[in-house]
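Notes to accompany the following structure.
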Amino acid sequence: MSTPTSTEADSRQLPNEEIEVRGIEPVTAADQLRRAFGCFPSGVAAVCARYDGEPVGLAASSFTSVSMEPPLVSMCIQHTSTTWPKLREQPRLGLSVLAEGQDEICARLASKAADRFAGTDWFASDDGSIFVDGATLWLDCTIREEVPCGDHDIVLMEIHGLSATPDTSPLVFHRSRFRRLASV
(Lines give C-alpha, C1' and ligand atoms only; values in the text may rest on other atoms or scores of the structure.)
Protein backbone atom coordinates (compact mmCIF):
# COMPACT_ATOMS: atom_id res chain seq x y z
CA MET A 1 0.00 0.00 0.00
CA SER A 2 1.42 3.38 -0.98
CA THR A 3 1.19 6.57 1.04
CA PRO A 4 -0.62 9.40 -0.75
CA THR A 5 1.50 12.40 -1.68
CA SER A 6 0.64 15.75 -0.12
CA THR A 7 -1.00 16.80 -3.42
CA GLU A 8 -3.18 13.69 -3.46
CA ALA A 9 -4.10 14.10 0.20
CA ASP A 10 -4.92 17.82 -0.17
CA SER A 11 -7.11 17.58 -3.25
CA ARG A 12 -9.93 15.10 -3.21
CA GLN A 13 -13.37 15.14 -4.68
CA LEU A 14 -16.02 15.36 -2.01
CA PRO A 15 -19.03 13.06 -2.21
CA ASN A 16 -22.10 14.90 -3.51
CA GLU A 17 -23.86 14.69 -0.13
CA GLU A 18 -21.01 16.75 1.46
CA ILE A 19 -21.24 19.76 -0.85
CA GLU A 20 -23.90 22.18 -1.97
CA VAL A 21 -24.11 22.07 -5.74
CA ARG A 22 -24.77 25.40 -7.44
CA GLY A 23 -26.46 25.58 -10.78
CA ILE A 24 -24.24 26.70 -13.62
CA GLU A 25 -26.36 28.79 -15.99
CA PRO A 26 -25.78 29.10 -19.72
CA VAL A 27 -24.55 32.57 -20.69
CA THR A 28 -27.40 34.24 -22.56
CA ALA A 29 -27.14 38.00 -21.98
CA ALA A 30 -24.63 40.81 -21.45
CA ASP A 31 -26.26 41.95 -18.19
CA GLN A 32 -25.77 38.43 -16.79
CA LEU A 33 -22.03 38.68 -17.57
CA ARG A 34 -21.84 42.25 -16.20
CA ARG A 35 -23.29 41.02 -12.88
CA ALA A 36 -20.88 38.06 -12.83
CA PHE A 37 -17.80 40.15 -13.70
CA GLY A 38 -18.85 42.59 -10.95
CA CYS A 39 -17.97 39.88 -8.41
CA PHE A 40 -14.30 40.59 -9.10
CA PRO A 41 -13.04 43.92 -7.69
CA SER A 42 -10.59 45.90 -9.78
CA GLY A 43 -8.61 49.08 -9.71
CA VAL A 44 -9.26 51.82 -12.24
CA ALA A 45 -6.68 53.27 -14.59
CA ALA A 46 -6.91 56.52 -16.51
CA VAL A 47 -5.27 56.21 -19.93
CA CYS A 48 -4.45 59.66 -21.27
CA ALA A 49 -2.40 61.62 -23.81
CA ARG A 50 -2.33 64.91 -25.70
CA TYR A 51 -4.35 64.99 -28.89
CA ASP A 52 -4.25 68.17 -30.99
CA GLY A 53 -2.78 69.96 -27.97
CA GLU A 54 -5.62 68.97 -25.62
CA PRO A 55 -5.79 66.19 -22.99
CA VAL A 56 -7.88 63.15 -23.94
CA GLY A 57 -8.43 60.09 -21.83
CA LEU A 58 -10.61 57.22 -20.78
CA ALA A 59 -11.13 55.04 -17.72
CA ALA A 60 -10.25 51.33 -17.85
CA SER A 61 -11.09 48.87 -15.08
CA SER A 62 -9.68 45.96 -17.10
CA PHE A 63 -6.05 46.92 -16.44
CA THR A 64 -3.55 44.32 -15.21
CA SER A 65 0.16 43.61 -14.95
CA VAL A 66 1.52 41.14 -17.51
CA SER A 67 5.31 40.80 -17.35
CA MET A 68 8.37 42.03 -15.46
CA GLU A 69 10.82 41.32 -18.29
CA PRO A 70 10.01 43.07 -20.50
CA PRO A 71 7.87 45.40 -18.35
CA LEU A 72 4.31 45.01 -19.73
CA VAL A 73 0.74 45.79 -18.70
CA SER A 74 -2.53 45.23 -20.52
CA MET A 75 -6.01 46.67 -20.68
CA CYS A 76 -9.14 45.93 -22.68
CA ILE A 77 -10.83 48.61 -24.79
CA GLN A 78 -14.33 48.29 -26.22
CA HIS A 79 -14.55 48.51 -30.02
CA THR A 80 -17.20 51.26 -29.72
CA SER A 81 -14.84 53.65 -27.88
CA THR A 82 -14.56 56.99 -29.67
CA THR A 83 -11.59 58.03 -27.52
CA TRP A 84 -9.33 55.04 -28.16
CA PRO A 85 -8.76 55.83 -31.86
CA LYS A 86 -7.34 59.21 -30.78
CA LEU A 87 -5.16 57.71 -28.05
CA ARG A 88 -3.77 54.84 -30.12
CA GLU A 89 -2.22 57.37 -32.56
CA GLN A 90 -0.04 58.94 -29.84
CA PRO A 91 3.64 58.06 -29.35
CA ARG A 92 3.23 57.73 -25.56
CA LEU A 93 0.31 57.07 -23.22
CA GLY A 94 0.13 58.02 -19.57
CA LEU A 95 -1.52 55.43 -17.39
CA SER A 96 -2.60 56.68 -13.95
CA VAL A 97 -3.94 54.15 -11.42
CA LEU A 98 -6.53 56.30 -9.70
CA ALA A 99 -6.47 56.75 -5.93
CA GLU A 100 -9.20 56.46 -3.35
CA GLY A 101 -11.33 59.60 -3.55
CA GLN A 102 -10.81 60.09 -7.30
CA ASP A 103 -14.17 58.55 -8.15
CA GLU A 104 -15.49 61.79 -9.71
CA ILE A 105 -12.46 61.94 -12.01
CA CYS A 106 -13.09 58.33 -12.98
CA ALA A 107 -16.78 59.01 -13.67
CA ARG A 108 -15.89 61.97 -15.95
CA LEU A 109 -13.28 59.93 -17.85
CA ALA A 110 -15.84 57.13 -18.33
CA SER A 111 -18.54 59.54 -19.53
CA LYS A 112 -19.32 61.09 -22.89
CA ALA A 113 -18.73 64.59 -21.41
CA ALA A 114 -17.12 67.13 -23.73
CA ASP A 115 -14.49 68.15 -21.15
CA ARG A 116 -13.53 65.04 -19.24
CA PHE A 117 -10.68 66.90 -17.54
CA ALA A 118 -12.83 69.67 -15.99
CA GLY A 119 -11.79 70.06 -12.36
CA THR A 120 -8.94 67.55 -12.72
CA ASP A 121 -5.34 68.45 -11.96
CA TRP A 122 -3.02 66.80 -14.48
CA PHE A 123 0.41 67.19 -16.03
CA ALA A 124 2.02 66.11 -19.28
CA SER A 125 5.40 64.59 -20.14
CA ASP A 126 7.51 65.96 -22.99
CA ASP A 127 6.38 62.95 -25.06
CA GLY A 128 2.68 63.82 -24.63
CA SER A 129 1.68 61.36 -21.90
CA ILE A 130 -0.92 62.85 -19.57
CA PHE A 131 -0.96 61.87 -15.88
CA VAL A 132 -3.69 62.50 -13.28
CA ASP A 133 -2.32 64.28 -10.22
CA GLY A 134 -2.77 62.38 -6.95
CA ALA A 135 -2.94 58.91 -8.54
CA THR A 136 -1.25 56.03 -6.72
CA LEU A 137 0.77 54.95 -9.78
CA TRP A 138 1.89 56.57 -13.03
CA LEU A 139 3.18 54.51 -15.95
CA ASP A 140 4.65 56.02 -19.11
CA CYS A 141 3.82 53.53 -21.89
CA THR A 142 3.83 52.75 -25.59
CA ILE A 143 1.52 50.35 -27.36
CA ARG A 144 3.27 47.08 -28.12
CA GLU A 145 0.38 45.10 -29.58
CA GLU A 146 -3.41 45.09 -29.98
CA VAL A 147 -5.30 41.83 -30.18
CA PRO A 148 -8.97 41.85 -31.27
CA CYS A 149 -11.07 39.64 -28.97
CA GLY A 150 -14.86 39.63 -29.08
CA ASP A 151 -16.23 43.15 -28.63
CA HIS A 152 -12.95 44.47 -27.16
CA ASP A 153 -9.28 44.78 -28.09
CA ILE A 154 -6.63 43.57 -25.65
CA VAL A 155 -3.98 46.28 -25.65
CA LEU A 156 -0.50 45.25 -24.52
CA MET A 157 1.65 48.21 -23.42
CA GLU A 158 5.35 48.45 -22.66
CA ILE A 159 6.34 50.51 -19.60
CA HIS A 160 9.19 53.02 -20.12
CA GLY A 161 9.01 54.86 -16.80
CA LEU A 162 7.01 54.92 -13.58
CA SER A 163 6.33 56.70 -10.33
CA ALA A 164 4.59 54.83 -7.50
CA THR A 165 3.21 55.91 -4.12
CA PRO A 166 2.36 52.57 -2.46
CA ASP A 167 1.02 54.24 0.70
CA THR A 168 -1.80 55.84 -1.33
CA SER A 169 -4.86 53.57 -1.44
CA PRO A 170 -6.23 52.82 -4.91
CA LEU A 171 -9.74 53.47 -6.16
CA VAL A 172 -11.56 50.11 -6.17
CA PHE A 173 -14.47 49.27 -8.46
CA HIS A 174 -16.73 46.41 -7.37
CA ARG A 175 -20.35 45.57 -8.26
CA SER A 176 -20.73 48.80 -10.25
CA ARG A 177 -19.71 50.97 -7.28
CA PHE A 178 -16.54 52.52 -5.93
CA ARG A 179 -15.28 50.91 -2.73
CA ARG A 180 -12.54 51.45 -0.15
CA LEU A 181 -9.96 48.94 0.97
CA ALA A 182 -10.06 47.96 4.63
CA SER A 183 -7.27 46.47 6.71
CA VAL A 184 -7.97 43.11 8.31
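Ordering of the C-alpha coordinates sets the chain letters (A, B, ...), residue numbers begin anew at 1 in every chain, and ligands are numbered from 1 in the order given.
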Spatial neighbours of region 150-162 of chain A, max dist 8 Å, only C-alpha atoms, sep filter under 4 positions, as an MDAnalysis selection string: chainID A and resid 70:79 137:146
Secondary structure check, strand (DSSP E or B) residues of region 28-99 of chain A, as number ranges by chain: A: 42-43, 45-51, 54-60, 64-67, 72-78, 93-97, 99
Quick one: contact table of region 27-133 of chain A to region 173-178 of chain A, 7 Å max, nearest atom pair and distance in Å to one decimal per residue, counting only C-alpha atoms, chain and number order, as CSV?
```
residue,atom,partner,partner_atom,distance
A:Gly38,CA,A:Arg175,CA,4.3
A:Cys39,CA,A:Arg175,CA,6.2
A:Phe40,CA,A:His174,CA,6.5
A:Pro41,CA,A:His174,CA,4.5
A:Ser42,CA,A:Phe173,CA,5.3
A:Gly43,CA,A:Phe173,CA,6.0
A:Val44,CA,A:Phe173,CA,6.9
A:Asp103,CA,A:Phe178,CA,6.9
```
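Residue nearest Ala135 (chain A), chosen from A:Leu58, A:Ala114, A:Ala45, A:Val66 and counting only C-alpha atoms: A:Ala45.
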Filtered DSSP result for region 25-165 of chain A, state alpha helix (DSSP H), as a ChimeraX atom specification: /A:30-37,84-88,103-110
From A:Val172, A:Ala30, A:Leu87, A:Leu95, residue lying nearest Ser125 (chain A) [only C-alpha atoms]: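 Distance minimum relative to Ser125 (chain A) lands on A:Leu95.
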Between CA of Ser163 (chain A) and CA of Phe131 (chain A) - distance in Å to one decimal: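 Going from CA of Phe131 (chain A) over to CA of Ser163 (chain A), I get 10.5 Å.
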Pro166 (chain A) environment, 9 Å, only C-alpha atoms, sequence neighbours closer than 3 positions dropped, as a PyMOL selection string: chain A and resi 136-137+169-170
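Ranking A:Arg35, A:Arg179, A:Arg92, A:Arg22 by their shortest atom-to-atom distance to Ser129 (chain A), with only C-alpha atoms included, puts A:Arg92 first.
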Counting only C-alpha atoms, the residue of A:Thr83, A:Arg180, A:Tyr51, A:Ala60 that sits nearest Ala107 (chain A):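 Closest to Ala107 (chain A) of all the choices is A:Ala60.
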Pick from A:Gln32, A:Glu89, A:Ala164, A:Arg50, whichever lies nearest to Phe123 (chain A) using only C-alpha atoms: A:Arg50
